[in-house]
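S.K.: Let me give you the structure first, and then I'll get to my questions.
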Amino acid sequence: MPYQIGLTADFLDDAGNLTYQDIGLALLEANAGVEHAFFKKHDPEIQPAQIANFDSVLALTPRVTAATLKDVDRLTHIARFGVGYDSVDVDACTQNDVVLTITAGGVNYSVAESVVAFMLALCHKMLIKDRMTREGRWDDRSGHMGSELRDRTLGIVGLGGIGATLAEMVAPFRMKEVIAFDPYIDEARAKEAGVRLTSLDELMAEADFISVNCPLNDATRNLIGESQIARMKPTAFLINTARGGIIDEGPLITALKENRIAGAALDCHEQEPLPAGSRIAELDNVIIAPHAVAWSNELFRDLGHIACQQMIDVSTGTIPHGVVNTDVLNRPGFQAKLARHAS
């Protein structure tokens, strides 16, 4: 019997066509041992009936909860299309003998490049100059002088794959220094990335650009709050391409309204989608994006190929790359599922 793969319906448009140019489906189609099908409808939370007949599920945006996995015996693998997994109940996956994978490494270049795009747009006041030109305020340009990345300090919160790629990417811009806060990184690894480790308070005070690139978890929720924002230079910019909830938006909005910092670029928000009348959307010193600033054809191609290969690996009884809940690998129930696919 072929290995059955389900894909969440948010990969499709309203007409049922694939929204994205390439998500790796050619890998599945070339493998005679697997079959794939899309969910019939999109739900914000995956329902048990949607996954009951699948061995692997590739999930874009829907949540995976304990209720999702209740009485679902067949499922072996959930592949998250991305590196964040705060939408997935990891403990529930483990308790139900389901391995969870992320597309580890697949987002590094694309997200780092989007951070650089945000940095350039902020310091060169691209949005203000665009608006000014459209409104015929040509003579106002002298009042909106920008700055450059040259001779400025970049502070990275979270020196994982994205953070390290970002540090490498800004090298041609002749920045003064790249510093980072990451309690899980040692000095040797930081030195290899060309980065000086600091405390979070030091980073907030010294950096001209602060890029948040850490995961959202209990330790990082509201990591950057009122006291940290108060340490920022009045000329500094704060950028978040990680997750909403890492930055406490209330103190950030206050600082932006009072011009106590120069600006911010936010791809991630405490509430997504942004609600109507969002205070952050009313500010003209903020660039906002719908948690998609790094989305590109190249990114989705890379993520898709990684995720589809992970599902193919599981279909042959092989432990895939990018496992999040490594504890599940030693559970007899999961081992039995994996052995079934290997036979």
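By convention in this document, the chains of the structure tokens carry letters A, B, ... by their order, each chain's residues are numbered from 1, and ligands are numbered from 1 in the order they are shown.
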List as a Markdown table every residue of region 238-339 of chain A that is in contact with region 41-60 of chain A, defined as an atom at most 12 Å from one of its atoms (using only C-alpha atoms), together with the nearest atom pair and the distance in Å rounded to one decimal, sorted by chain and then rising number.

M.R.:
| residue | atom | partner | partner_atom | distance |
| --- | --- | --- | --- | --- |
| A:Glu272 | CA | A:Pro44 | CA | 11.9 |
| A:Phe300 | CA | A:Leu60 | CA | 10.7 |
| A:Leu303 | CA | A:Leu60 | CA | 10.5 |
| A:Gly304 | CA | A:Leu58 | CA | 9.3 |
| A:His305 | CA | A:Leu58 | CA | 11.7 |
| A:Ile306 | CA | A:Leu58 | CA | 11.1 |
| A:Ala307 | CA | A:Leu58 | CA | 7.4 |
| A:Cys308 | CA | A:Leu58 | CA | 8.2 |
| A:Gln309 | CA | A:Leu58 | CA | 11.3 |
| A:Gln310 | CA | A:Ser56 | CA | 9.5 |
| A:Met311 | CA | A:Ser56 | CA | 6.4 |
| A:Ile312 | CA | A:Ser56 | CA | 9.2 |
| A:Asp313 | CA | A:Ser56 | CA | 10.7 |
| A:Val314 | CA | A:Ser56 | CA | 8.2 |
| A:Ser315 | CA | A:Asp55 | CA | 8.1 |
| A:Thr316 | CA | A:Asp55 | CA | 11.6 |
| A:Gly317 | CA | A:Asp55 | CA | 11.6 |
| A:Pro320 | CA | A:Ser56 | CA | 11.9 |
| A:Phe334 | CA | A:Asp55 | CA | 11.9 |
| A:Lys337 | CA | A:Asp55 | CA | 9.3 |
| A:Leu338 | CA | A:Asp55 | CA | 10.2 |

S.K.: From a DSSP calculation on the backbone, collect every residue of region 113-175 of chain A in strand (DSSP E) and output the set as a PyMOL selection string.

M.R.: chain A and resi 153-157

S.K.: Would you output that residue set with C-alpha atoms, as a PDB file, in the first residue's frame?

M.R.:
ATOM      1  CA  THR A 153      26.527  48.443  14.616  1.00  0.00           C
ATOM      2  CA  LEU A 154      24.184  45.534  14.019  1.00  0.00           C
ATOM      3  CA  GLY A 155      22.858  43.681  17.045  1.00  0.00           C
ATOM      4  CA  ILE A 156      21.430  40.187  16.501  1.00  0.00           C
ATOM      5  CA  VAL A 157      19.173  38.580  19.098  1.00  0.00           C
TER       6      VAL A 157
END

S.K.: Write out, as JSON lines, each residue of region 242-340 of chain A that has an atom at most 6 Å from region 209-221 of chain A, together with the closest pair of atoms and their distance in Å to one decimal, counting only C-alpha atoms, rows going by chain and rising number.

M.R.:
{"residue": "A:Ala242", "atom": "CA", "partner": "A:Asn213", "partner_atom": "CA", "distance": 5.1}
{"residue": "A:Gly245", "atom": "CA", "partner": "A:Arg221", "partner_atom": "CA", "distance": 5.4}
{"residue": "A:Ile246", "atom": "CA", "partner": "A:Arg221", "partner_atom": "CA", "distance": 4.6}

S.K.: Take the residues from that selection and put them in a file with C-alpha atoms, as a PDB file, in the first residue's frame.

M.R.:
ATOM      1  CA  ALA A 242      11.013  35.949  14.037  1.00  0.00           C
ATOM      2  CA  GLY A 245       5.356  37.891  21.254  1.00  0.00           C
ATOM      3  CA  ILE A 246       9.126  38.192  21.555  1.00  0.00           C
TER       4      ILE A 246
END

S.K.: I want to know what sits within 10 Å of Pro183 (chain A), based on only C-alpha atoms, with residues of the same chain fewer than 5 positions away left out; could you give that as a PyMOL selection string?

M.R.: chain A and resi 157-159+197-200

S.K.: Write out the residues from the selection above, keeping N, CA, C and O atoms, as a PDB file, in the first residue's frame.

M.R.:
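Dumped to again-v3.pdb:
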ATOM      1  N   VAL A 157      19.712  39.322  17.956  1.00  0.00           N
ATOM      2  CA  VAL A 157      19.173  38.580  19.098  1.00  0.00           C
ATOM      3  C   VAL A 157      18.837  37.181  18.611  1.00  0.00           C
ATOM      4  O   VAL A 157      17.831  36.957  17.947  1.00  0.00           O
ATOM      5  N   GLY A 158      19.728  36.231  18.907  1.00  0.00           N
ATOM      6  CA  GLY A 158      19.568  34.864  18.440  1.00  0.00           C
ATOM      7  C   GLY A 158      20.517  34.558  17.299  1.00  0.00           C
ATOM      8  O   GLY A 158      20.213  34.852  16.143  1.00  0.00           O
ATOM      9  N   LEU A 159      21.673  33.973  17.618  1.00  0.00           N
ATOM     10  CA  LEU A 159      22.702  33.732  16.607  1.00  0.00           C
ATOM     11  C   LEU A 159      22.625  32.292  16.104  1.00  0.00           C
ATOM     12  O   LEU A 159      23.606  31.553  16.133  1.00  0.00           O
ATOM     13  N   LEU A 197      29.889  38.468  21.220  1.00  0.00           N
ATOM     14  CA  LEU A 197      28.765  38.217  22.111  1.00  0.00           C
ATOM     15  C   LEU A 197      28.678  39.284  23.195  1.00  0.00           C
ATOM     16  O   LEU A 197      29.700  39.749  23.708  1.00  0.00           O
ATOM     17  N   THR A 198      27.456  39.677  23.531  1.00  0.00           N
ATOM     18  CA  THR A 198      27.221  40.663  24.582  1.00  0.00           C
ATOM     19  C   THR A 198      26.003  40.209  25.402  1.00  0.00           C
ATOM     20  O   THR A 198      25.317  39.253  25.048  1.00  0.00           O
ATOM     21  N   SER A 199      25.731  40.933  26.464  1.00  0.00           N
ATOM     22  CA  SER A 199      24.469  40.745  27.163  1.00  0.00           C
ATOM     23  C   SER A 199      23.362  41.413  26.353  1.00  0.00           C
ATOM     24  O   SER A 199      23.628  42.234  25.468  1.00  0.00           O
ATOM     25  N   LEU A 200      22.119  41.082  26.680  1.00  0.00           N
ATOM     26  CA  LEU A 200      21.004  41.709  25.969  1.00  0.00           C
ATOM     27  C   LEU A 200      20.964  43.209  26.250  1.00  0.00           C
ATOM     28  O   LEU A 200      20.732  44.012  25.333  1.00  0.00           O
TER      29      LEU A 200
END

S.K.: With distances taken over only C-alpha atoms, which of A:Ile162, A:Leu274, A:Val64, A:Val116 is nearest to Leu100 (chain A)?

M.R.: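 Among A:Ile162, A:Leu274, A:Val64, A:Val116, it is A:Val64 that comes nearest to Leu100 (chain A).
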
S.K.: Using only C-alpha atoms, which protein or nucleic acid residues come within 10 Å of Asp267 (chain A)? Drop anything in the same chain fewer than 4 positions from it, and give the result as a tab-separated table (two decimals) with N, CA, C and O atoms, in the first residue's frame.

M.R.:
chain	number	residue	atom	x	y	z
A	114	SER	N	15.83	39.40	3.85
A	114	SER	CA	14.71	40.29	4.14
A	114	SER	C	15.05	41.25	5.28
A	114	SER	O	14.57	42.39	5.30
A	115	VAL	N	15.87	40.81	6.22
A	115	VAL	CA	16.32	41.71	7.28
A	115	VAL	C	17.15	42.84	6.69
A	115	VAL	O	16.97	44.01	7.03
A	118	PHE	N	14.90	45.31	5.06
A	118	PHE	CA	14.28	46.16	6.08
A	118	PHE	C	15.27	47.22	6.56
A	118	PHE	O	14.91	48.40	6.72
A	239	ILE	N	13.99	45.50	14.41
A	239	ILE	CA	13.46	44.67	13.33
A	239	ILE	C	13.09	43.30	13.88
A	239	ILE	O	13.89	42.66	14.56
A	240	ASN	N	11.88	42.84	13.56
A	240	ASN	CA	11.46	41.52	14.00
A	240	ASN	C	10.95	40.70	12.81
A	240	ASN	O	9.91	41.00	12.23
A	241	THR	N	11.73	39.67	12.45
A	241	THR	CA	11.30	38.72	11.42
A	241	THR	C	11.17	37.32	12.02
A	241	THR	O	11.16	36.33	11.29
A	242	ALA	N	11.06	37.24	13.36
A	242	ALA	CA	11.01	35.95	14.04
A	242	ALA	C	9.58	35.55	14.37
A	242	ALA	O	8.94	34.85	13.59
A	243	ARG	N	9.09	36.01	15.50
A	243	ARG	CA	7.73	35.71	15.93
A	243	ARG	C	7.18	36.87	16.74
A	243	ARG	O	7.91	37.52	17.49
A	244	GLY	N	5.88	37.13	16.59
A	244	GLY	CA	5.22	38.05	17.48
A	244	GLY	C	5.21	37.47	18.88
A	244	GLY	O	5.13	36.26	19.06
A	287	ILE	N	7.57	49.97	9.32
A	287	ILE	CA	7.24	49.17	8.14
A	287	ILE	C	6.63	47.88	8.67
A	287	ILE	O	7.21	47.22	9.54
A	288	ILE	N	5.47	47.52	8.17
A	288	ILE	CA	4.83	46.29	8.61
A	288	ILE	C	4.60	45.36	7.42
A	288	ILE	O	4.41	45.81	6.30
A	289	ALA	N	4.66	44.07	7.70
A	289	ALA	CA	4.44	43.04	6.68
A	289	ALA	C	3.61	41.92	7.30
A	289	ALA	O	3.60	41.74	8.52
A	290	PRO	N	2.93	41.14	6.47
A	290	PRO	CA	1.98	40.13	6.98
A	290	PRO	C	2.62	38.77	7.25
A	290	PRO	O	2.13	37.74	6.83
A	291	HIS	N	3.72	38.78	8.00
A	291	HIS	CA	4.47	37.56	8.31
A	291	HIS	C	4.82	36.82	7.02
A	291	HIS	O	4.67	35.60	6.91
A	292	ALA	N	5.30	37.59	6.04
A	292	ALA	CA	5.61	37.00	4.74
A	292	ALA	C	6.71	37.77	4.03
A	292	ALA	O	6.90	37.60	2.82
A	293	VAL	N	7.46	38.60	4.75
A	293	VAL	CA	8.46	39.43	4.08
A	293	VAL	C	9.52	38.57	3.39
A	293	VAL	O	10.08	38.98	2.36
A	294	ALA	N	9.79	37.39	3.92
A	294	ALA	CA	10.80	36.52	3.31
A	294	ALA	C	10.24	35.56	2.29
A	294	ALA	O	10.99	34.82	1.65

S.K.: As an MDAnalysis selection string, please: every residue in region 130-296 of chain A that a backbone DSSP assignment puts in alpha helix (DSSP H).

M.R.: chainID A and resid 130:134 161:169 187:192 200:206 226:230 249:257

S.K.: Set the distance at 10 Å and use only C-alpha atoms: which residues neighbour Ala9 (chain A) once local chain neighbours fewer than 2 positions away are removed? I'd like the list as an MDAnalysis selection string.

M.R.: chainID A and resid 6:7 11:14 16 18 37:43 58:62

S.K.: Write out as a PyMOL selection string which residues come within 12 Å of Asp186 (chain A) when counting only C-alpha atoms, dropping same-chain ones fewer than 3 positions away.

M.R.: chain A and resi 159-160+180-183+189-193+195-198

S.K.: Write out as a ChimeraX atom specification the residues lying within 8 Å of Ser110 (chain A), counting only C-alpha atoms and excluding same-chain residues fewer than 5 positions away.

M.R.: /A:294-296,299

S.K.: Suppose you want the space between CA of Leu122 (chain A) and CA of Gly161 (chain A); what is it in Å?

M.R.: 23.6 Å

S.K.: As an exercise, work out the distance from CA of Gly24 (chain A) to CA of Thr165 (chain A) in Å and give it to one decimal place.

M.R.: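 Going from CA of Gly24 (chain A) over to CA of Thr165 (chain A) covers 23.7 Å.
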
S.K.: Hey, can you check how far CA of Asp208 (chain A) sits from CA of Ala262 (chain A)?

M.R.: 9.5 Å

S.K.: Counting only C-alpha atoms, which residue out of A:Ala66, A:Leu75, A:Leu266, A:Ala112 sits closest to Arg340 (chain A)?

M.R.: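 Ranking A:Ala66, A:Leu75, A:Leu266, A:Ala112 by distance to Arg340 (chain A), first place goes to A:Leu75.
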
S.K.: Rank A:Arg152, A:Lys176, A:Lys70, A:His144 by their smallest atom-to-atom distance to Asp130 (chain A), using only C-alpha atoms, and report the top residue only.

M.R.: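 Of the candidates, the smallest distance to Asp130 (chain A) is held by A:His144.
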
S.K.: Tell me which of A:Glu113, A:Asp284, A:Asp71, A:Glu187 sits closest to Lys125 (chain A), counting only C-alpha atoms.

M.R.: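 Among the listed residues, the smallest separation from Lys125 (chain A) belongs to A:Asp284.
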